[in-house]
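Student: Structure file coords00.pdb, PDB, C-alpha atoms and all ligand atoms, is pasted below:
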ATOM      1  CA  MET A   1     121.122 166.134 100.733  1.00  0.00           C
ATOM      2  CA  LYS A   2     117.921 164.544  99.488  1.00  0.00           C
ATOM      3  CA  PHE A   3     114.736 166.461  98.749  1.00  0.00           C
ATOM      4  CA  SER A   4     111.390 164.925  97.874  1.00  0.00           C
ATOM      5  CA  ASP A   5     110.380 164.177  94.295  1.00  0.00           C
ATOM      6  CA  GLN A   6     107.846 166.998  94.550  1.00  0.00           C
ATOM      7  CA  PHE A   7     110.594 169.460  95.468  1.00  0.00           C
ATOM      8  CA  GLU A   8     112.739 168.245  92.587  1.00  0.00           C
ATOM      9  CA  GLN A   9     109.854 168.652  90.137  1.00  0.00           C
ATOM     10  CA  ARG A  10     109.139 172.181  91.362  1.00  0.00           C
ATOM     11  CA  PHE A  11     112.810 173.072  91.255  1.00  0.00           C
ATOM     12  CA  ALA A  12     113.228 171.792  87.707  1.00  0.00           C
ATOM     13  CA  GLU A  13     110.135 173.702  86.591  1.00  0.00           C
ATOM     14  CA  MET A  14     111.241 176.909  88.299  1.00  0.00           C
ATOM     15  CA  LEU A  15     114.491 176.894  86.394  1.00  0.00           C
ATOM     16  CA  THR A  16     112.461 177.187  83.195  1.00  0.00           C
ATOM     17  CA  HIS A  17     110.504 180.228  84.472  1.00  0.00           C
ATOM     18  CA  TYR A  18     113.334 182.614  85.277  1.00  0.00           C
ATOM     19  CA  PRO A  19     116.059 184.153  83.116  1.00  0.00           C
ATOM     20  CA  THR A  20     118.840 183.353  85.608  1.00  0.00           C
ATOM     21  CA  LYS A  21     119.338 180.641  88.218  1.00  0.00           C
ATOM     22  CA  ARG A  22     119.769 183.290  90.897  1.00  0.00           C
ATOM     23  CA  SER A  23     116.167 184.449  90.354  1.00  0.00           C
ATOM     24  CA  CYS A  24     114.913 181.079  91.627  1.00  0.00           C
ATOM     25  CA  LEU A  25     116.503 181.584  95.026  1.00  0.00           C
ATOM     26  CA  VAL A  26     113.603 182.909  97.127  1.00  0.00           C
ATOM     27  CA  PRO A  27     110.948 180.435  95.923  1.00  0.00           C
ATOM     28  CA  THR A  28     113.480 177.608  96.197  1.00  0.00           C
ATOM     29  CA  LEU A  29     114.284 178.592  99.776  1.00  0.00           C
ATOM     30  CA  LEU A  30     110.569 178.646 100.616  1.00  0.00           C
ATOM     31  CA  TYR A  31     109.990 175.192  99.127  1.00  0.00           C
ATOM     32  CA  ALA A  32     113.023 173.831 100.960  1.00  0.00           C
ATOM     33  CA  GLN A  33     111.937 175.385 104.246  1.00  0.00           C
ATOM     34  CA  ASP A  34     108.422 173.990 103.861  1.00  0.00           C
ATOM     35  CA  GLU A  35     109.920 170.567 103.357  1.00  0.00           C
ATOM     36  CA  ILE A  36     112.704 170.516 105.960  1.00  0.00           C
ATOM     37  CA  GLY A  37     111.225 172.970 108.498  1.00  0.00           C
ATOM     38  CA  PHE A  38     114.159 175.406 108.403  1.00  0.00           C
ATOM     39  CA  LEU A  39     117.163 176.291 106.273  1.00  0.00           C
ATOM     40  CA  SER A  40     119.990 174.230 107.707  1.00  0.00           C
ATOM     41  CA  ASP A  41     123.661 174.643 106.776  1.00  0.00           C
ATOM     42  CA  GLU A  42     123.272 171.580 104.588  1.00  0.00           C
ATOM     43  CA  VAL A  43     120.281 173.037 102.722  1.00  0.00           C
ATOM     44  CA  ILE A  44     122.091 176.357 102.220  1.00  0.00           C
ATOM     45  CA  ARG A  45     125.173 174.598 100.856  1.00  0.00           C
ATOM     46  CA  GLU A  46     123.091 172.459  98.513  1.00  0.00           C
ATOM     47  CA  LEU A  47     121.011 175.322  97.127  1.00  0.00           C
ATOM     48  CA  ALA A  48     124.009 177.628  96.746  1.00  0.00           C
ATOM     49  CA  GLY A  49     125.660 174.915  94.641  1.00  0.00           C
ATOM     50  CA  ARG A  50     122.586 174.299  92.516  1.00  0.00           C
ATOM     51  CA  LEU A  51     122.008 178.007  91.854  1.00  0.00           C
ATOM     52  CA  GLU A  52     125.689 178.838  91.328  1.00  0.00           C
ATOM     53  CA  LEU A  53     125.809 181.232  94.271  1.00  0.00           C
ATOM     54  CA  THR A  54     128.041 181.474  97.310  1.00  0.00           C
ATOM     55  CA  GLU A  55     126.686 180.372 100.682  1.00  0.00           C
ATOM     56  CA  LEU A  56     127.085 183.998 101.771  1.00  0.00           C
ATOM     57  CA  ASP A  57     124.788 185.131  98.913  1.00  0.00           C
ATOM     58  CA  VAL A  58     122.158 182.691 100.147  1.00  0.00           C
ATOM     59  CA  ARG A  59     122.558 183.678 103.803  1.00  0.00           C
ATOM     60  CA  ASN A  60     122.260 187.376 102.923  1.00  0.00           C
ATOM     61  CA  VAL A  61     118.902 186.741 101.233  1.00  0.00           C
ATOM     62  CA  ILE A  62     117.694 184.594 104.148  1.00  0.00           C
ATOM     63  CA  SER A  63     118.563 187.316 106.642  1.00  0.00           C
ATOM     64  CA  TYR A  64     116.504 189.843 104.660  1.00  0.00           C
ATOM     65  CA  TYR A  65     113.207 187.954 104.717  1.00  0.00           C
ATOM     66  CA  SER A  66     111.480 187.389 108.060  1.00  0.00           C
ATOM     67  CA  MET A  67     109.646 184.346 106.695  1.00  0.00           C
ATOM     68  CA  LEU A  68     112.930 182.511 106.151  1.00  0.00           C
ATOM     69  CA  THR A  69     114.749 180.958 109.074  1.00  0.00           C
ATOM     70  CA  THR A  70     118.002 179.108 109.690  1.00  0.00           C
ATOM     71  CA  LYS A  71     116.730 177.804 113.047  1.00  0.00           C
ATOM     72  CA  PRO A  72     114.067 175.163 113.672  1.00  0.00           C
ATOM     73  CA  ARG A  73     110.744 176.643 114.718  1.00  0.00           C
ATOM     74  CA  GLY A  74     107.275 175.456 115.607  1.00  0.00           C
ATOM     75  CA  LYS A  75     104.904 173.809 113.187  1.00  0.00           C
ATOM     76  CA  TYR A  76     102.809 176.983 113.286  1.00  0.00           C
ATOM     77  CA  ASN A  77     104.813 180.186 113.144  1.00  0.00           C
ATOM     78  CA  VAL A  78     102.679 182.988 114.555  1.00  0.00           C
ATOM     79  CA  GLN A  79     103.834 186.363 113.246  1.00  0.00           C
ATOM     80  CA  VAL A  80     102.183 189.302 114.947  1.00  0.00           C
ATOM     81  CA  CYS A  81     102.563 192.680 113.262  1.00  0.00           C
ATOM     82  CA  THR A  82     103.155 195.597 115.622  1.00  0.00           C
ATOM     83  CA  ASN A  83     104.008 198.144 112.940  1.00  0.00           C
ATOM     84  CA  ILE A  84     102.158 201.462 113.035  1.00  0.00           C
ATOM     85  CA  ALA A  85      98.722 200.549 111.597  1.00  0.00           C
ATOM     86  CA  CYS A  86      98.531 197.378 113.659  1.00  0.00           C
ATOM     87  CA  MET A  87      99.969 199.022 116.744  1.00  0.00           C
ATOM     88  CA  LEU A  88      97.201 201.656 116.643  1.00  0.00           C
ATOM     89  CA  LYS A  89      94.582 198.910 116.356  1.00  0.00           C
ATOM     90  CA  GLY A  90      95.825 196.638 119.151  1.00  0.00           C
ATOM     91  CA  GLY A  91      98.727 194.692 117.611  1.00  0.00           C
ATOM     92  CA  GLU A  92     100.794 194.950 120.771  1.00  0.00           C
ATOM     93  CA  GLU A  93      97.908 193.577 122.867  1.00  0.00           C
ATOM     94  CA  LEU A  94      97.644 190.660 120.450  1.00  0.00           C
ATOM     95  CA  LEU A  95     101.348 189.975 120.770  1.00  0.00           C
ATOM     96  CA  HIS A  96     101.175 190.154 124.550  1.00  0.00           C
ATOM     97  CA  HIS A  97      98.171 187.831 124.559  1.00  0.00           C
ATOM     98  CA  CYS A  98      99.880 185.277 122.297  1.00  0.00           C
ATOM     99  CA  SER A  99     102.995 185.425 124.437  1.00  0.00           C
ATOM    100  CA  LYS A 100     100.966 184.799 127.607  1.00  0.00           C
ATOM    101  CA  LYS A 101      98.841 182.036 126.102  1.00  0.00           C
ATOM    102  CA  LEU A 102     101.750 180.189 124.498  1.00  0.00           C
ATOM    103  CA  GLY A 103     104.193 180.865 127.322  1.00  0.00           C
ATOM    104  CA  ILE A 104     106.921 182.061 124.965  1.00  0.00           C
ATOM    105  CA  GLY A 105     108.386 185.376 123.883  1.00  0.00           C
ATOM    106  CA  HIS A 106     109.609 186.795 120.583  1.00  0.00           C
ATOM    107  CA  LYS A 107     111.378 184.073 118.549  1.00  0.00           C
ATOM    108  CA  GLY A 108     110.401 181.471 121.128  1.00  0.00           C
ATOM    109  CA  THR A 109     108.997 178.001 120.423  1.00  0.00           C
ATOM    110  CA  THR A 110     106.631 176.039 122.651  1.00  0.00           C
ATOM    111  CA  PRO A 111     108.194 172.916 124.235  1.00  0.00           C
ATOM    112  CA  ASP A 112     105.911 170.644 122.163  1.00  0.00           C
ATOM    113  CA  GLY A 113     107.213 172.248 118.960  1.00  0.00           C
ATOM    114  CA  MET A 114     103.711 173.296 117.952  1.00  0.00           C
ATOM    115  CA  PHE A 115     103.992 177.103 117.945  1.00  0.00           C
ATOM    116  CA  SER A 116     106.636 179.724 117.465  1.00  0.00           C
ATOM    117  CA  LEU A 117     105.995 183.398 118.036  1.00  0.00           C
ATOM    118  CA  GLU A 118     107.471 186.412 116.324  1.00  0.00           C
ATOM    119  CA  GLU A 119     106.892 190.135 116.438  1.00  0.00           C
ATOM    120  CA  VAL A 120     107.205 191.340 112.855  1.00  0.00           C
ATOM    121  CA  GLU A 121     107.138 194.483 110.760  1.00  0.00           C
ATOM    122  CA  CYS A 122     104.325 195.213 108.286  1.00  0.00           C
ATOM    123  CA  ILE A 123     102.982 192.101 106.581  1.00  0.00           C
ATOM    124  CA  GLY A 124     100.900 194.041 104.053  1.00  0.00           C
ATOM    125  CA  GLY A 125      97.553 193.811 105.835  1.00  0.00           C
ATOM    126  CA  CYS A 126      97.438 197.420 107.114  1.00  0.00           C
ATOM    127  CA  SER A 127      93.904 198.046 105.813  1.00  0.00           C
ATOM    128  CA  TRP A 128      92.695 195.146 107.928  1.00  0.00           C
ATOM    129  CA  ALA A 129      94.795 195.846 111.011  1.00  0.00           C
ATOM    130  CA  PRO A 130      95.632 194.326 113.341  1.00  0.00           C
ATOM    131  CA  ALA A 131      96.974 191.505 111.215  1.00  0.00           C
ATOM    132  CA  VAL A 132      98.666 188.228 112.049  1.00  0.00           C
ATOM    133  CA  GLN A 133     100.217 185.659 109.739  1.00  0.00           C
ATOM    134  CA  VAL A 134     100.438 181.989 110.696  1.00  0.00           C
ATOM    135  CA  ASN A 135     102.562 180.143 108.146  1.00  0.00           C
ATOM    136  CA  TYR A 136     100.791 181.083 104.885  1.00  0.00           C
ATOM    137  CA  ASP A 137      97.437 182.044 106.486  1.00  0.00           C
ATOM    138  CA  PHE A 138      96.473 185.663 107.119  1.00  0.00           C
ATOM    139  CA  HIS A 139      94.166 186.623 109.993  1.00  0.00           C
ATOM    140  CA  GLU A 140      92.909 190.186 110.008  1.00  0.00           C
ATOM    141  CA  ASN A 141      90.824 192.656 112.034  1.00  0.00           C
ATOM    142  CA  LEU A 142      91.602 190.564 115.064  1.00  0.00           C
ATOM    143  CA  THR A 143      90.496 191.105 118.629  1.00  0.00           C
ATOM    144  CA  VAL A 144      92.124 189.315 121.548  1.00  0.00           C
ATOM    145  CA  GLU A 145      89.132 186.948 121.674  1.00  0.00           C
ATOM    146  CA  GLN A 146      89.464 186.122 117.977  1.00  0.00           C
ATOM    147  CA  MET A 147      93.195 185.598 118.356  1.00  0.00           C
ATOM    148  CA  GLU A 148      92.444 183.103 121.097  1.00  0.00           C
ATOM    149  CA  LYS A 149      90.164 181.205 118.708  1.00  0.00           C
ATOM    150  CA  VAL A 150      92.762 181.290 115.937  1.00  0.00           C
ATOM    151  CA  LEU A 151      95.378 179.680 118.182  1.00  0.00           C
ATOM    152  CA  ASP A 152      92.892 177.143 119.543  1.00  0.00           C
ATOM    153  CA  GLY A 153      91.916 176.308 115.970  1.00  0.00           C
ATOM    154  CA  TYR A 154      95.479 175.358 115.040  1.00  0.00           C
ATOM    155  CA  ARG A 155      95.870 173.289 118.180  1.00  0.00           C
ATOM    156  CA  GLU A 156      92.580 171.474 117.517  1.00  0.00           C
ATOM    157  CA  LYS A 157      93.684 170.731 113.976  1.00  0.00           C
ATOM    158  CA  GLU A 158      96.550 168.730 115.432  1.00  0.00           C
ATOM    159  CA  THR A 159      94.380 166.681 117.776  1.00  0.00           C
ATOM    160  CA  GLN A 160      91.876 165.580 115.109  1.00  0.00           C
TER     161      GLN A 160
HETATM  162  S1  LIG A 201     101.235 197.703 109.762  1.00  0.00           S
HETATM  163 FE1  LIG A 201     100.549 195.724 110.301  1.00  0.00          FE
HETATM  164  S2  LIG A 201     100.109 194.846 108.388  1.00  0.00           S
HETATM  165 FE2  LIG A 201     100.889 196.770 107.870  1.00  0.00          FE
END
As structure tokens, please, write out the structure in this file.
Ligand code: FES
Tutor:
Amino acid sequence: MKFSDQFEQRFAEMLTHYPTKRSCLVPTLLYAQDEIGFLSDEVIRELAGRLELTELDVRNVISYYSMLTTKPRGKYNVQVCTNIACMLKGGEELLHHCSKKLGIGHKGTTPDGMFSLEEVECIGGCSWAPAVQVNYDFHENLTVEQMEKVLDGYREKETQ
């Protein structure tokens, strides 16, 4: 299993920031996922070995966090919150709109591999509901029209 030099530098630095190797797990998983696209069996095995954990320890942590995935997904992962604050402000309409526009349902990926869609629990943007997270970008106070522009914006980014 070969990671980039940048990953290796970050990993080495992280080990100096935490009291135990185990504490590096979540940021290490995020860096690995950013690099590989998802957390494959090979990645899990490698990181478990490096951090002196069992593969089950690593899988348990992955299953807890919705931003971590063991399956390949689209380049842009659209997470639409439908928890209470967002639901009251139109989160479900946003989800329905995204599903219709992208032609995929919850946990689906577009055939071109560009977008994945997920319905998620609170993402911490309740005061600005309805909120959507696309990879590391937050989009808040969205209307259906704005959501349309957000998705178009990511697609345009890829054609430039
Ligand atoms: S309920 Fe949607 S961000 Fe909190």
Student: Determine, for each residue of chain A having at least one atom at most 12 Å from an atom of ligand LIG 201 (chain A), the closest pair of atoms and their separation in Å to one decimal, counting only C-alpha atoms and all ligand atoms; order by chain and ascending number, as a tab-separated table.
Tutor:
residue	atom	partner	partner_atom	distance
A:Gln79	CA	A:LIG201	FE1	10.3
A:Val80	CA	A:LIG201	FE1	8.1
A:Cys81	CA	A:LIG201	FE1	4.7
A:Thr82	CA	A:LIG201	FE1	5.9
A:Asn83	CA	A:LIG201	S1	4.2
A:Ile84	CA	A:LIG201	S1	5.1
A:Ala85	CA	A:LIG201	S1	4.2
A:Cys86	CA	A:LIG201	FE1	4.3
A:Met87	CA	A:LIG201	S1	7.2
A:Leu88	CA	A:LIG201	S1	8.9
A:Lys89	CA	A:LIG201	FE1	9.1
A:Gly90	CA	A:LIG201	FE1	10.1
A:Gly91	CA	A:LIG201	FE1	7.6
A:Glu92	CA	A:LIG201	FE1	10.5
A:Leu94	CA	A:LIG201	FE1	11.7
A:Leu95	CA	A:LIG201	FE1	12.0
A:Glu119	CA	A:LIG201	FE1	10.4
A:Val120	CA	A:LIG201	FE1	8.4
A:Glu121	CA	A:LIG201	FE1	6.7
A:Cys122	CA	A:LIG201	FE2	3.8
A:Ile123	CA	A:LIG201	S2	4.4
A:Gly124	CA	A:LIG201	S2	4.5
A:Gly125	CA	A:LIG201	S2	3.8
A:Cys126	CA	A:LIG201	FE2	3.6
A:Ser127	CA	A:LIG201	FE2	7.4
A:Trp128	CA	A:LIG201	S2	7.4
A:Ala129	CA	A:LIG201	FE1	5.8
A:Pro130	CA	A:LIG201	FE1	5.9
A:Ala131	CA	A:LIG201	S2	5.4
A:Val132	CA	A:LIG201	S2	7.7
A:Gln133	CA	A:LIG201	S2	9.3
A:Phe138	CA	A:LIG201	S2	10.0
A:His139	CA	A:LIG201	S2	10.3
A:Glu140	CA	A:LIG201	S2	8.7
A:Asn141	CA	A:LIG201	S2	10.2
A:Leu142	CA	A:LIG201	FE1	11.4
Student: Using Å and a single decimal, report how far CA of Ile44 in chain A sits from CA of Leu56 in chain A.
Tutor: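 According to the coordinates, CA of Leu56 in chain A and CA of Ile44 in chain A are separated by 9.1 Å.
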Student: Output as JSON lines one row per residue of range 36-87 of chain A within 10 Å of range 5-23 of chain A: the closest atom pair and its distance in Å to one decimal place, counting only C-alpha atoms, sorted by chain and residue number ascending.
Tutor:
{"residue": "A:Ala48", "atom": "CA", "partner": "A:Arg22", "partner_atom": "CA", "distance": 9.2}
{"residue": "A:Arg50", "atom": "CA", "partner": "A:Lys21", "partner_atom": "CA", "distance": 8.3}
{"residue": "A:Leu51", "atom": "CA", "partner": "A:Lys21", "partner_atom": "CA", "distance": 5.2}
{"residue": "A:Glu52", "atom": "CA", "partner": "A:Lys21", "partner_atom": "CA", "distance": 7.3}
{"residue": "A:Leu53", "atom": "CA", "partner": "A:Arg22", "partner_atom": "CA", "distance": 7.2}
{"residue": "A:Asp57", "atom": "CA", "partner": "A:Arg22", "partner_atom": "CA", "distance": 9.6}
{"residue": "A:Val58", "atom": "CA", "partner": "A:Arg22", "partner_atom": "CA", "distance": 9.6}
Student: Give me the residues within 12 Å of Gly153 in chain A as an NGL selection string, counting all atoms listed in the file and dropping any in the same chain fewer than 6 places off.
Tutor: :A and (76 or 134 or 146-147 or 159-160)
Student: Please save C-alpha atoms of the selected residues as a short mmCIF file (atom, residue, chain, number, x, y, z; two decimals), keeping the file's coordinate frame.
Tutor:
data_model
loop_
_atom_site.label_atom_id
_atom_site.label_comp_id
_atom_site.auth_asym_id
_atom_site.auth_seq_id
_atom_site.Cartn_x
_atom_site.Cartn_y
_atom_site.Cartn_z
CA TYR A 76 102.81 176.98 113.29
CA VAL A 134 100.44 181.99 110.70
CA GLN A 146 89.46 186.12 117.98
CA MET A 147 93.20 185.60 118.36
CA THR A 159 94.38 166.68 117.78
CA GLN A 160 91.88 165.58 115.11
#
Student: Hey, can you check how far CA of Gln33 in chain A sits from CA of Gly108 in chain A?
Tutor: 18.0 Å
Student: Leaving out Glu93 in chain A and any residue of its chain fewer than 5 positions from it, which residues lie within 9 Å of it when counting all atoms listed in the file, given as a VMD selection string?
Tutor: chain A and resid 87 98 143 to 144
Student: Please indicate the distance in Å from CA of Asn77 in chain A to CA of Ser116 in chain A, rounded to one decimal place.
Tutor: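 Distance reported for this atom pair: 4.7 Å.
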Student: For the file shown, report as an MDAnalysis selection string the outcome of the PyMOL selection byres (((chain A and resi 101) around 12) and not hetatm) at residue level.
Tutor: chainID A and resid 94:100 102:105 110 115:117 144:145 147:152
Student: Once the PyMOL selection byres (((chain A and resi 75) around 12) and not hetatm) has been evaluated on this model, what residues remain selected, and can you format them as an NGL selection string?
Tutor: :A and (33-38 or 72-74 or 76-78 or 109-117 or 134-136 or 154-155 or 157-158)
Student: When distances are computed from only C-alpha atoms, which of A:Phe3, A:Thr54, A:Gly49, A:Leu68 shows the smallest separation from Leu30 in chain A?
Tutor: A:Leu68
Student: From the options A:Glu118, A:Leu39, A:Tyr65, A:Val26, which residue's atoms come nearest to His106 in chain A, counting only C-alpha atoms?
Tutor: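 Nearest candidate to His106 in chain A out of A:Glu118, A:Leu39, A:Tyr65, A:Val26: A:Glu118.
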Student: I need the residue nearest Thr28 in chain A from this list: A:Leu47, A:Glu42, A:Glu156, A:Ser4. Use only C-alpha atoms for the distance.
Tutor: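 So, comparing all the options, the nearest one is A:Leu47.
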Student: Which residue gives the smallest distance to Lys71 in chain A among A:Ala32, A:Glu55, A:Ser40, A:Asp137, with only C-alpha atoms counted?
Tutor: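 Using only C-alpha atoms, the shortest distance to Lys71 in chain A belongs to A:Ser40.
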